[in-house]
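Structure first, commentary second.
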Amino acid sequence: MADRLNGTRILILETREEAQFSKLLAEQGAEVVQCPMFTIQDAPDPAPVEAWIRRAIDKPFDDLVLMTGEGLRRIMKRAIARGLDQALVAALARSRKFTRGPKPGKALREIGLEAQQTTEKPTTEGVIEMLGKLDLKGHRLGLQLYPDKDHNALTDALAAQGAEVDAVLPYAYDSKAADANIVTAIDEMAAGRIDSIALTNLGQVRRLIEAAKAHGSEAKLRAGLERTLIASVGPAVSGELAAHDLRTDVSPADEAYFMRPLISAMATALLERKSRTAAS
């Protein structure tokens with residue numbers, strides 16, 4: 001059904017893949033309210049990223065762990081700028097490759113490579129569980145990290161397994177410029193003008209809370225979320241919501257942590273809510 005979301009206003013907190021999400025929602029008839037949360041930038045100092053690339057080429061890793069697709073794309077961007085992209089792809093082809101969920105796997109396929117294993121759950125805990133079943137003693141392990149996350153639990157677990165971890169953080173978030181957009185979105189929810197907020201990564205939850213606190217709008221945010229259907233793409237986002245004493249109203253069925261299943265779950269929940277309202 002192409003009109004399942006007719007008459008609804010859906011708030012999405014834009015990051016790297018929200019243009020596609022917005023398109024999918026609009027195809028279902030929703031009015032999409034877009035709120036840029038932050039911009040993604042290359043690491044402020046490219047030298048550590050380039051050094052990591054050169055180490056990967058000079059002595060290919062036994063294992064490579066990719067936490068985000070964005071991270072691999074930023075690494076490849078730096079490699080291309082230095083004329084090292086073909087050498088890097090050849091080196092990474094020699095490593096066992098593990099990904100946190102499907103998005104890094106997609107980025108690997110873009111450079112002609114495949115992951116040997118993907119986590120069942122796209123979370124850090126899922127990565128620890130997946131790698132915990134392997135013998136990593138004496139292995140050189142390349143680890144791509146992402147911003148605004150304490151990765152000590154992961155690096156400590158890998159070190160405890162005897163791996164020699166070589167980590168790289170290839171990008172950063174710039175969030176301050178978007179605060180005004182977030183405050184406006186909070187006002188819209190508090191006024192009851194948003195039917196659902198769709199959350200697709202845990203950084204969005206953190207940004208909402210941080211911006212609300214910075215602008216004295218935390219109470220208004222929580223009041224607005226009480227009135228709004230909260231849709232989470234999966235357990236990482238739901239866990240972050242719970243960490244801030246916020247609920248998840250709807251999430252994709254059958255552990256299908258992708259945009260289309262999330263939209264289907266939202267459509268069903270919003271229709272049920274509309275029916276309850278009409279009956280009351």
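Naming works like this for the structure tokens: A, B, ... for the chains as they're shown, residue 1 at the start of each chain, ligands 1 onward in shown order.
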Contacts of segment 81-96 of chain A at 6 Å or less, counting only C-alpha atoms, minus same-chain residues fewer than 5 places along, as a PDB file with N, CA, C and O atoms, in the first residue's frame?
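Final file, out31.pdb:
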```pdb
ATOM      1  N   ILE A  57      48.753  -1.751   4.742  1.00  0.00           N
ATOM      2  CA  ILE A  57      49.336  -2.142   3.461  1.00  0.00           C
ATOM      3  C   ILE A  57      50.672  -2.856   3.665  1.00  0.00           C
ATOM      4  O   ILE A  57      50.932  -3.909   3.064  1.00  0.00           O
ATOM      5  N   PRO A  60      49.575  -6.624   6.135  1.00  0.00           N
ATOM      6  CA  PRO A  60      48.126  -6.802   6.227  1.00  0.00           C
ATOM      7  C   PRO A  60      47.693  -7.428   7.548  1.00  0.00           C
ATOM      8  O   PRO A  60      48.357  -8.322   8.077  1.00  0.00           O
ATOM      9  N   PHE A  61      46.564  -6.925   8.069  1.00  0.00           N
ATOM     10  CA  PHE A  61      46.022  -7.439   9.325  1.00  0.00           C
ATOM     11  C   PHE A  61      45.577  -8.888   9.150  1.00  0.00           C
ATOM     12  O   PHE A  61      45.108  -9.284   8.077  1.00  0.00           O
ATOM     13  N   ASP A  62      45.675  -9.642  10.230  1.00  0.00           N
ATOM     14  CA  ASP A  62      45.073 -10.974  10.225  1.00  0.00           C
ATOM     15  C   ASP A  62      43.551 -10.847  10.190  1.00  0.00           C
ATOM     16  O   ASP A  62      42.875 -11.611   9.489  1.00  0.00           O
ATOM     17  N   ASP A  63      43.041  -9.886  10.957  1.00  0.00           N
ATOM     18  CA  ASP A  63      41.599  -9.683  11.061  1.00  0.00           C
ATOM     19  C   ASP A  63      41.295  -8.198  10.959  1.00  0.00           C
ATOM     20  O   ASP A  63      42.081  -7.355  11.416  1.00  0.00           O
TER      21      ASP A  63
END
```
- Message: To test your reading of the structure, identify every residue in segment 6-136 of chain A that backbone DSSP assigns to strand (DSSP E or B), and report it as number ranges by chain.
- Response: A: 9-14, 31-36, 39-42, 63-66, 96-99, 117-118
- Item | Distance of atom CA of Ala30 of chain A from atom CA of Thr8 of chain A, expressed in Å to one decimal place |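 According to the coordinates, atom CA of Thr8 of chain A and atom CA of Ala30 of chain A are separated by 5.3 Å.
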- For Pro44 of chain A: contacts at 12 Å, only C-alpha atoms, fewer than 2 positions along chain excluded, given as a PyMOL selection string: chain A and resi 40-42+46-49+169-174
As a PDB file with N, CA and C atoms, in the first residue's frame, please: the residues near Trp52 of chain A (cut-off 8 Å, only C-alpha atoms, same-chain neighbours under 6 positions excluded).
```pdb
ATOM      1  N   ASP A 166      44.965  -2.641  16.490  1.00  0.00           N
ATOM      2  CA  ASP A 166      45.412  -1.409  15.834  1.00  0.00           C
ATOM      3  C   ASP A 166      44.151  -0.656  15.412  1.00  0.00           C
ATOM      4  N   ALA A 167      43.757   0.350  16.193  1.00  0.00           N
ATOM      5  CA  ALA A 167      42.480   1.033  15.993  1.00  0.00           C
ATOM      6  C   ALA A 167      42.649   2.328  15.217  1.00  0.00           C
ATOM      7  N   VAL A 168      41.598   2.703  14.500  1.00  0.00           N
ATOM      8  CA  VAL A 168      41.588   3.955  13.745  1.00  0.00           C
ATOM      9  C   VAL A 168      40.203   4.586  13.867  1.00  0.00           C
TER      10      VAL A 168
END
```
- Hey, can you check how far atom CA of Lys106 of chain A sits from atom CA of Pro261 of chain A?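 If I compute the distance from atom CA of Lys106 of chain A to atom CA of Pro261 of chain A, I get 18.0 Å.
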- Task: For Asp195 of chain A, please output as number ranges by chain all residues within 8 Å (counting only C-alpha atoms; exclusion window: fewer than 2 positions along the same chain).
- Result: A: 8-11, 192-193, 197, 228-229, 270
Residue subset to file, keeping C-alpha atoms, as an mmCIF file, in the first residue's frame:
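Result went into again.cif, see below:
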```
data_model
loop_
_atom_site.group_PDB
_atom_site.id
_atom_site.type_symbol
_atom_site.label_atom_id
_atom_site.label_comp_id
_atom_site.auth_asym_id
_atom_site.auth_seq_id
_atom_site.Cartn_x
_atom_site.Cartn_y
_atom_site.Cartn_z
ATOM 1 C CA THR A 8 0.951 11.603 9.260
ATOM 2 C CA ARG A 9 3.922 13.843 10.053
ATOM 3 C CA ILE A 10 7.096 11.862 10.657
ATOM 4 C CA LEU A 11 10.178 13.460 12.216
ATOM 5 C CA GLY A 192 1.592 17.751 19.222
ATOM 6 C CA ARG A 193 2.412 18.411 15.586
ATOM 7 C CA ILE A 197 9.824 10.218 15.509
ATOM 8 C CA THR A 228 4.848 11.077 20.017
ATOM 9 C CA LEU A 229 5.180 7.495 18.776
ATOM 10 C CA LEU A 270 0.075 4.674 13.754
#
```
- Task: Grab the atom CA of Cys35 of chain A to atom CA of Met189 of chain A distance for me, in Å with one decimal place.
- Result: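 Computed distance, atom CA of Cys35 of chain A to atom CA of Met189 of chain A, equals 12.2 Å.
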- Task: Tell me which protein, DNA and RNA residues are within 10 Å of Val183 of chain A, counting only C-alpha atoms, leaving out same-chain ones fewer than 4 positions away, and put them as a list of chain:residue names.
- Result: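 Counting only the stated atoms, we get A:Cys35, A:Ala178, A:Asp179, A:Asp187, A:Glu188, A:Leu208, A:Ala211, A:Ala212, A:Ala214, A:His215, A:Gly216, A:Ser217, A:Glu218, A:Lys220, A:Leu221.
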- Find, counting only C-alpha atoms, the residue in A:Lys77, A:Lys59, A:Arg4, A:Lys121 that gets nearest to Leu271 of chain A.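 Under the stated criterion, the closest residue is A:Arg4.
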- Query: Of the residues A:Val250, A:Val32, A:Met266, A:Leu64, which is the one nearest to Val127 of chain A, using only C-alpha atoms?
  - Reply: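 Closest candidate: A:Leu64.
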- Top pick for closest residue to Met67 of chain A, considering A:Ala107, A:Ala79, A:Leu143, A:Leu199 and counting only C-alpha atoms: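 Among A:Ala107, A:Ala79, A:Leu143, A:Leu199, it is A:Leu143 that comes nearest to Met67 of chain A.
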